[in-house]
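Have a look at work34.cif; it's mmCIF, C-alpha atoms:
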data_input
#
loop_
_atom_site.group_PDB
_atom_site.id
_atom_site.type_symbol
_atom_site.label_atom_id
_atom_site.label_comp_id
_atom_site.auth_asym_id
_atom_site.auth_seq_id
_atom_site.Cartn_x
_atom_site.Cartn_y
_atom_site.Cartn_z
ATOM 1 C CA MET A 1 6.116 -86.297 -99.595
ATOM 2 C CA THR A 2 3.861 -88.460 -97.518
ATOM 3 C CA CYS A 3 2.926 -90.652 -100.461
ATOM 4 C CA ASN A 4 4.677 -93.477 -102.248
ATOM 5 C CA ALA A 5 6.153 -93.164 -105.746
ATOM 6 C CA ARG A 6 3.424 -95.279 -107.363
ATOM 7 C CA ASP A 7 0.556 -93.108 -106.106
ATOM 8 C CA ILE A 8 2.292 -89.881 -107.145
ATOM 9 C CA TYR A 9 3.060 -91.305 -110.588
ATOM 10 C CA LEU A 10 -0.528 -92.465 -111.164
ATOM 11 C CA PHE A 11 -1.847 -89.087 -110.052
ATOM 12 C CA VAL A 12 0.457 -86.877 -112.164
ATOM 13 C CA THR A 13 0.149 -88.945 -115.345
ATOM 14 C CA ASN A 14 -3.482 -87.875 -115.722
ATOM 15 C CA MET A 15 -3.507 -84.186 -116.649
ATOM 16 C CA GLU A 16 -7.037 -83.790 -115.261
ATOM 17 C CA ASN A 17 -5.482 -84.201 -111.799
ATOM 18 C CA PHE A 18 -2.959 -81.393 -112.489
ATOM 19 C CA ARG A 19 -5.645 -78.789 -111.678
ATOM 20 C CA GLN A 20 -5.408 -79.799 -107.994
ATOM 21 C CA PHE A 21 -2.044 -78.027 -107.718
ATOM 22 C CA ILE A 22 -3.045 -74.624 -109.087
ATOM 23 C CA PRO A 23 -4.980 -72.165 -106.900
ATOM 24 C CA GLY A 24 -8.131 -70.885 -108.614
ATOM 25 C CA ASP A 25 -7.135 -67.218 -108.427
ATOM 26 C CA THR A 26 -3.953 -67.916 -110.432
ATOM 27 C CA ILE A 27 -5.535 -69.271 -113.628
ATOM 28 C CA SER A 28 -8.713 -69.169 -115.692
ATOM 29 C CA GLY A 29 -10.238 -71.091 -118.590
ATOM 30 C CA TRP A 30 -8.993 -74.538 -117.520
ATOM 31 C CA ILE A 31 -9.585 -77.259 -120.165
ATOM 32 C CA SER A 32 -8.102 -80.752 -119.810
ATOM 33 C CA ASP A 33 -8.192 -84.393 -120.754
ATOM 34 C CA ALA A 34 -6.009 -87.278 -119.569
ATOM 35 C CA ASP A 35 -2.986 -86.244 -121.684
ATOM 36 C CA SER A 36 -3.130 -82.446 -121.938
ATOM 37 C CA CYS A 37 -4.384 -79.198 -120.466
ATOM 38 C CA ARG A 38 -4.758 -75.584 -121.521
ATOM 39 C CA PHE A 39 -5.359 -72.515 -119.370
ATOM 40 C CA GLU A 40 -4.670 -68.808 -118.928
ATOM 41 C CA VAL A 41 -2.147 -67.746 -116.282
ATOM 42 C CA ASN A 42 -2.378 -64.267 -114.772
ATOM 43 C CA SER A 43 0.642 -62.225 -115.972
ATOM 44 C CA ILE A 44 1.845 -64.940 -118.412
ATOM 45 C CA GLY A 45 -1.080 -65.598 -120.763
ATOM 46 C CA SER A 46 -2.155 -68.768 -122.528
ATOM 47 C CA VAL A 47 -0.368 -71.999 -121.582
ATOM 48 C CA SER A 48 -0.799 -75.469 -123.040
ATOM 49 C CA ILE A 49 0.853 -78.573 -121.566
ATOM 50 C CA LYS A 50 0.956 -82.134 -122.867
ATOM 51 C CA LEU A 51 2.176 -85.293 -121.155
ATOM 52 C CA THR A 52 4.902 -86.569 -123.498
ATOM 53 C CA GLU A 53 6.975 -89.149 -121.613
ATOM 54 C CA LYS A 54 6.428 -91.345 -118.619
ATOM 55 C CA GLU A 55 8.593 -93.927 -116.964
ATOM 56 C CA PRO A 56 6.549 -95.870 -114.394
ATOM 57 C CA TYR A 57 6.949 -94.636 -110.832
ATOM 58 C CA SER A 58 10.084 -92.586 -111.507
ATOM 59 C CA ARG A 59 9.814 -89.900 -114.193
ATOM 60 C CA VAL A 60 7.233 -87.825 -116.055
ATOM 61 C CA ILE A 61 7.920 -85.212 -118.732
ATOM 62 C CA TYR A 62 5.461 -82.590 -119.903
ATOM 63 C CA ASN A 63 6.035 -80.346 -122.921
ATOM 64 C CA GLY A 64 4.261 -77.076 -123.289
ATOM 65 C CA GLU A 65 3.920 -73.784 -125.022
ATOM 66 C CA ALA A 66 3.357 -70.326 -123.589
ATOM 67 C CA LEU A 67 2.924 -66.936 -125.187
ATOM 68 C CA SER A 68 2.254 -68.491 -128.623
ATOM 69 C CA ASN A 69 5.761 -69.563 -129.647
ATOM 70 C CA ASN A 70 7.834 -70.243 -126.547
ATOM 71 C CA SER A 71 8.273 -73.919 -125.762
ATOM 72 C CA PHE A 72 9.169 -75.446 -122.430
ATOM 73 C CA SER A 73 9.320 -78.789 -120.684
ATOM 74 C CA ILE A 74 8.694 -79.771 -117.091
ATOM 75 C CA HIS A 75 10.579 -82.794 -115.777
ATOM 76 C CA LEU A 76 9.196 -84.465 -112.669
ATOM 77 C CA ASP A 77 11.489 -87.042 -111.077
ATOM 78 C CA ILE A 78 10.031 -89.312 -108.406
ATOM 79 C CA ARG A 79 12.138 -91.352 -105.995
ATOM 80 C CA GLY A 80 10.455 -93.675 -103.557
ATOM 81 C CA ARG A 81 11.976 -93.632 -100.082
ATOM 82 C CA ASP A 82 9.859 -96.408 -98.600
ATOM 83 C CA GLU A 83 6.292 -97.786 -98.817
ATOM 84 C CA GLU A 84 4.772 -94.546 -97.511
ATOM 85 C CA SER A 85 6.957 -91.681 -98.752
ATOM 86 C CA SER A 86 8.893 -90.351 -101.702
ATOM 87 C CA VAL A 87 10.980 -87.427 -102.867
ATOM 88 C CA THR A 88 10.209 -85.491 -106.034
ATOM 89 C CA GLY A 89 12.163 -83.010 -108.093
ATOM 90 C CA LEU A 90 10.706 -80.538 -110.581
ATOM 91 C CA VAL A 91 12.795 -78.889 -113.318
ATOM 92 C CA LEU A 92 11.618 -76.376 -115.915
ATOM 93 C CA LYS A 93 13.524 -76.160 -119.195
ATOM 94 C CA ALA A 94 12.556 -73.360 -121.569
ATOM 95 C CA GLU A 95 13.651 -72.162 -124.988
ATOM 96 C CA MET A 96 12.950 -68.503 -125.583
ATOM 97 C CA GLU A 97 14.444 -65.329 -126.928
ATOM 98 C CA PRO A 98 16.569 -63.316 -124.445
ATOM 99 C CA LEU A 99 14.065 -60.448 -124.216
ATOM 100 C CA MET A 100 11.165 -62.830 -123.604
ATOM 101 C CA LYS A 101 13.237 -64.721 -121.041
ATOM 102 C CA MET A 102 13.840 -61.489 -119.147
ATOM 103 C CA ILE A 103 10.116 -60.632 -119.201
ATOM 104 C CA ILE A 104 8.799 -64.052 -118.209
ATOM 105 C CA SER A 105 11.496 -65.313 -115.805
ATOM 106 C CA LYS A 106 10.023 -63.800 -112.644
ATOM 107 C CA PRO A 107 6.348 -64.775 -113.283
ATOM 108 C CA ALA A 108 7.423 -68.280 -114.382
ATOM 109 C CA ALA A 109 9.563 -68.735 -111.251
ATOM 110 C CA GLN A 110 6.665 -67.569 -109.059
ATOM 111 C CA PHE A 111 4.299 -69.964 -110.834
ATOM 112 C CA LEU A 112 6.679 -72.898 -110.309
ATOM 113 C CA GLU A 113 7.211 -72.012 -106.644
ATOM 114 C CA MET A 114 3.437 -71.953 -106.177
ATOM 115 C CA LEU A 115 3.102 -75.279 -108.001
ATOM 116 C CA VAL A 116 5.743 -76.968 -105.835
ATOM 117 C CA SER A 117 4.232 -75.503 -102.668
ATOM 118 C CA GLU A 118 0.795 -76.841 -103.616
ATOM 119 C CA MET A 119 2.264 -80.277 -104.389
ATOM 120 C CA GLU A 120 3.958 -80.350 -100.975
ATOM 121 C CA LYS A 121 0.708 -79.418 -99.193
ATOM 122 C CA PHE A 122 -1.503 -81.738 -101.229
ATOM 123 C CA ARG A 123 -2.917 -84.772 -99.382
ATOM 124 C CA GLY A 124 -5.182 -86.363 -102.016
ATOM 125 C CA TRP A 125 -2.576 -88.460 -103.831
ATOM 126 C CA LYS A 126 -4.610 -91.646 -103.521
ATOM 127 C CA GLN A 127 -7.658 -90.014 -105.146
ATOM 128 C CA VAL A 128 -6.490 -90.895 -108.647
ATOM 129 C CA LYS A 129 -8.450 -90.310 -111.845
ATOM 130 C CA GLU A 130 -7.434 -93.091 -114.219
#

Structure re-expressed in structure tokens:
Amino acid sequence: MTCNARDIYLFVTNMENFRQFIPGDTISGWISDADSCRFEVNSIGSVSIKLTEKEPYSRVIYNGEALSNNSFSIHLDIRGRDEESSVTGLVLKAEMEPLMKMIISKPAAQFLEMLVSEMEKFRGWKQVKE
């Protein structure tokens, strides 16, 4: 990304900034504060996410719940390349029953692909809400 690790970290550790990555036609009912957010995702339902771990400038972990009783975590690893750029990795880990996994796998994968695509296109990293 064309942003250093510090700016990305500061941006993604405030959940109010998370809304920047999700196109408006994909979700509804967005509610957030600095540490958590809740919203409805088309084809998935209600999702709640909370910032649970952060390691300055290198790692952020969010834990969430979808479809009432299915928990997941999103791990964002940030590696600075130089003063102006960095590389990030996003991993979703989910615990769910096999039938639910089969139902939600495709919409969840599409949602993550959209999220990563929006992060790659995003240019407002220095516009941090603290």

Exercise. Quick one: which residues end up in the PyMOL selection byres ((chain A and resi 33) around 12) for this structure, as a PyMOL selection string?
Worked result: chain A and resi 13-19+30-32+34-38+48-51+129-130

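The interatomic distance for the pair CA of Asn42 in chain A and CA of Thr26 in chain A works out to 5.9 Å.
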
Exercise. Do you have the CA of Leu10 in chain A-CA of Asp82 in chain A distance handy?
Worked result: 16.8 Å

For this session: Find the residues with any atom within 7 Å of (7.7, -86.4, -122.3); use all atoms listed in the file and the coordinates as given in the file, and write the answer as an MDAnalysis selection string.
Result: chainID A and resid 51:54 60:63

Could you please take those selected residues and save C-alpha atoms as an mmCIF file, keeping the file's coordinate frame?
data_model
loop_
_atom_site.group_PDB
_atom_site.id
_atom_site.type_symbol
_atom_site.label_atom_id
_atom_site.label_comp_id
_atom_site.auth_asym_id
_atom_site.auth_seq_id
_atom_site.Cartn_x
_atom_site.Cartn_y
_atom_site.Cartn_z
ATOM 1 C CA LEU A 51 2.176 -85.293 -121.155
ATOM 2 C CA THR A 52 4.902 -86.569 -123.498
ATOM 3 C CA GLU A 53 6.975 -89.149 -121.613
ATOM 4 C CA LYS A 54 6.428 -91.345 -118.619
ATOM 5 C CA VAL A 60 7.233 -87.825 -116.055
ATOM 6 C CA ILE A 61 7.920 -85.212 -118.732
ATOM 7 C CA TYR A 62 5.461 -82.590 -119.903
ATOM 8 C CA ASN A 63 6.035 -80.346 -122.921
#

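The space between CA of Leu115 in chain A and CA of Asp25 in chain A spans 13.0 Å.
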
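Residues in contact with Gln20 in chain A at up to 12 Å, not including ones fewer than 4 positions away on its chain and judged by all atoms listed in the file, are Phe11, Val12, Asn14, Met15, Glu16, Gly24, Ile27, Trp30, Met114, Leu115, Val116, Ser117, Glu118, Met119, Glu120, Lys121, Phe122, Arg123, Gly124, Trp125, Gln127, Val128 and Lys129 of chain A.
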
Take the residues that were just selected and, keeping C-alpha atoms, output them as an mmCIF file, keeping the file's coordinate frame.
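File written: part_32.cif
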data_model
loop_
_atom_site.group_PDB
_atom_site.id
_atom_site.type_symbol
_atom_site.label_atom_id
_atom_site.label_comp_id
_atom_site.auth_asym_id
_atom_site.auth_seq_id
_atom_site.Cartn_x
_atom_site.Cartn_y
_atom_site.Cartn_z
ATOM 1 C CA PHE A 11 -1.847 -89.087 -110.052
ATOM 2 C CA VAL A 12 0.457 -86.877 -112.164
ATOM 3 C CA ASN A 14 -3.482 -87.875 -115.722
ATOM 4 C CA MET A 15 -3.507 -84.186 -116.649
ATOM 5 C CA GLU A 16 -7.037 -83.790 -115.261
ATOM 6 C CA GLY A 24 -8.131 -70.885 -108.614
ATOM 7 C CA ILE A 27 -5.535 -69.271 -113.628
ATOM 8 C CA TRP A 30 -8.993 -74.538 -117.520
ATOM 9 C CA MET A 114 3.437 -71.953 -106.177
ATOM 10 C CA LEU A 115 3.102 -75.279 -108.001
ATOM 11 C CA VAL A 116 5.743 -76.968 -105.835
ATOM 12 C CA SER A 117 4.232 -75.503 -102.668
ATOM 13 C CA GLU A 118 0.795 -76.841 -103.616
ATOM 14 C CA MET A 119 2.264 -80.277 -104.389
ATOM 15 C CA GLU A 120 3.958 -80.350 -100.975
ATOM 16 C CA LYS A 121 0.708 -79.418 -99.193
ATOM 17 C CA PHE A 122 -1.503 -81.738 -101.229
ATOM 18 C CA ARG A 123 -2.917 -84.772 -99.382
ATOM 19 C CA GLY A 124 -5.182 -86.363 -102.016
ATOM 20 C CA TRP A 125 -2.576 -88.460 -103.831
ATOM 21 C CA GLN A 127 -7.658 -90.014 -105.146
ATOM 22 C CA VAL A 128 -6.490 -90.895 -108.647
ATOM 23 C CA LYS A 129 -8.450 -90.310 -111.845
#

Exercise. If we count all atoms listed in the file, what is near range 93-98 of chain A at a cut-off of 8 Å, once residues fewer than 3 positions away on the same chain are taken out, given as a ChimeraX atom specification?
Worked result: /A:70-74,101-102

For this session: Let me know the residues the PyMOL selection byres ((chain A and resi 46) around 10) catches in the file above, as a ChimeraX atom specification.
Result: /A:27-29,38-45,47-48,65-68

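Counting all atoms listed in the file and comparing A:Leu76, A:Ile8, A:Leu90, A:Leu99, the residue that lies closest to Glu113 in chain A is A:Leu90.
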
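When all atoms listed in the file are used to measure the gap to Met100 in chain A, the shortest distance among A:Asn69, A:Pro23, A:Ser58, A:Arg6 belongs to A:Asn69.
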
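Comparing A:Ile104, A:Asn4, A:Val87, A:Asp77 by their smallest distance to Glu55 in chain A, the closest is A:Asp77 (using only C-alpha atoms).
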
Problem set entry | From A:Phe21, A:His75, A:Gly64, A:Gly80, residue lying nearest Asp7 in chain A [all atoms listed in the file] | A:Gly80

Draw an axis-aligned box over all listed atoms of range 117-123 of chain A, pad each side with 6 Å, and write its centre and edge lengths in Å, one decimal, as AutoDock Vina command-line options.
--center_x 0.7 --center_y -80.1 --center_z -101.8 --size_x 19.1 --size_y 21.3 --size_z 17.2

Extract range 89-112 of chain A from the preceding block and save N, CA and C atoms as a short mmCIF file (atom, residue, chain, number, x, y, z; two decimals), in the first residue's frame.
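Output (part_24.cif):
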data_model
loop_
_atom_site.label_atom_id
_atom_site.label_comp_id
_atom_site.auth_asym_id
_atom_site.auth_seq_id
_atom_site.Cartn_x
_atom_site.Cartn_y
_atom_site.Cartn_z
N GLY A 89 -1.60 -8.08 5.39
CA GLY A 89 -2.21 -9.38 5.18
C GLY A 89 -3.47 -9.47 6.02
N LEU A 90 -4.52 -10.05 5.49
CA LEU A 90 -5.79 -10.16 6.17
C LEU A 90 -6.20 -11.63 6.19
N VAL A 91 -6.46 -12.17 7.39
CA VAL A 91 -6.86 -13.57 7.53
C VAL A 91 -8.14 -13.63 8.35
N LEU A 92 -9.10 -14.41 7.86
CA LEU A 92 -10.35 -14.64 8.58
C LEU A 92 -10.30 -16.04 9.17
N LYS A 93 -10.58 -16.14 10.47
CA LYS A 93 -10.67 -17.43 11.14
C LYS A 93 -12.08 -17.51 11.72
N ALA A 94 -12.79 -18.60 11.39
CA ALA A 94 -14.17 -18.72 11.84
C ALA A 94 -14.44 -20.10 12.44
N GLU A 95 -15.28 -20.10 13.47
CA GLU A 95 -15.73 -21.34 14.09
C GLU A 95 -17.22 -21.45 13.83
N MET A 96 -17.61 -22.46 13.07
CA MET A 96 -19.03 -22.64 12.80
C MET A 96 -19.32 -24.09 12.45
N GLU A 97 -20.57 -24.43 12.57
CA GLU A 97 -21.02 -25.78 12.24
C GLU A 97 -20.82 -26.02 10.74
N PRO A 98 -20.59 -27.29 10.34
CA PRO A 98 -20.34 -27.60 8.92
C PRO A 98 -21.43 -27.09 7.97
N LEU A 99 -22.69 -27.24 8.35
CA LEU A 99 -23.77 -26.77 7.47
C LEU A 99 -23.72 -25.26 7.31
N MET A 100 -23.52 -24.55 8.42
CA MET A 100 -23.44 -23.09 8.37
C MET A 100 -22.22 -22.66 7.57
N LYS A 101 -21.12 -23.37 7.72
CA LYS A 101 -19.91 -23.05 6.96
C LYS A 101 -20.17 -23.16 5.46
N MET A 102 -20.89 -24.18 5.07
CA MET A 102 -21.21 -24.38 3.66
C MET A 102 -22.09 -23.23 3.14
N ILE A 103 -23.03 -22.79 3.96
CA ILE A 103 -23.96 -21.73 3.55
C ILE A 103 -23.25 -20.38 3.47
N ILE A 104 -22.40 -20.09 4.42
CA ILE A 104 -21.83 -18.75 4.53
C ILE A 104 -20.47 -18.58 3.84
N SER A 105 -19.82 -19.65 3.48
CA SER A 105 -18.47 -19.56 2.90
C SER A 105 -18.38 -18.62 1.70
N LYS A 106 -19.27 -18.78 0.73
CA LYS A 106 -19.20 -17.96 -0.47
C LYS A 106 -19.49 -16.48 -0.17
N PRO A 107 -20.60 -16.13 0.54
CA PRO A 107 -20.81 -14.72 0.85
C PRO A 107 -19.69 -14.12 1.70
N ALA A 108 -19.15 -14.88 2.65
CA ALA A 108 -18.06 -14.38 3.49
C ALA A 108 -16.81 -14.12 2.65
N ALA A 109 -16.49 -15.03 1.74
CA ALA A 109 -15.33 -14.85 0.86
C ALA A 109 -15.51 -13.62 -0.02
N GLN A 110 -16.71 -13.43 -0.56
CA GLN A 110 -16.99 -12.26 -1.39
C GLN A 110 -16.86 -10.97 -0.58
N PHE A 111 -17.34 -11.00 0.67
CA PHE A 111 -17.25 -9.83 1.53
C PHE A 111 -15.78 -9.49 1.82
N LEU A 112 -14.98 -10.50 2.12
CA LEU A 112 -13.56 -10.26 2.38
C LEU A 112 -12.82 -9.76 1.14
#
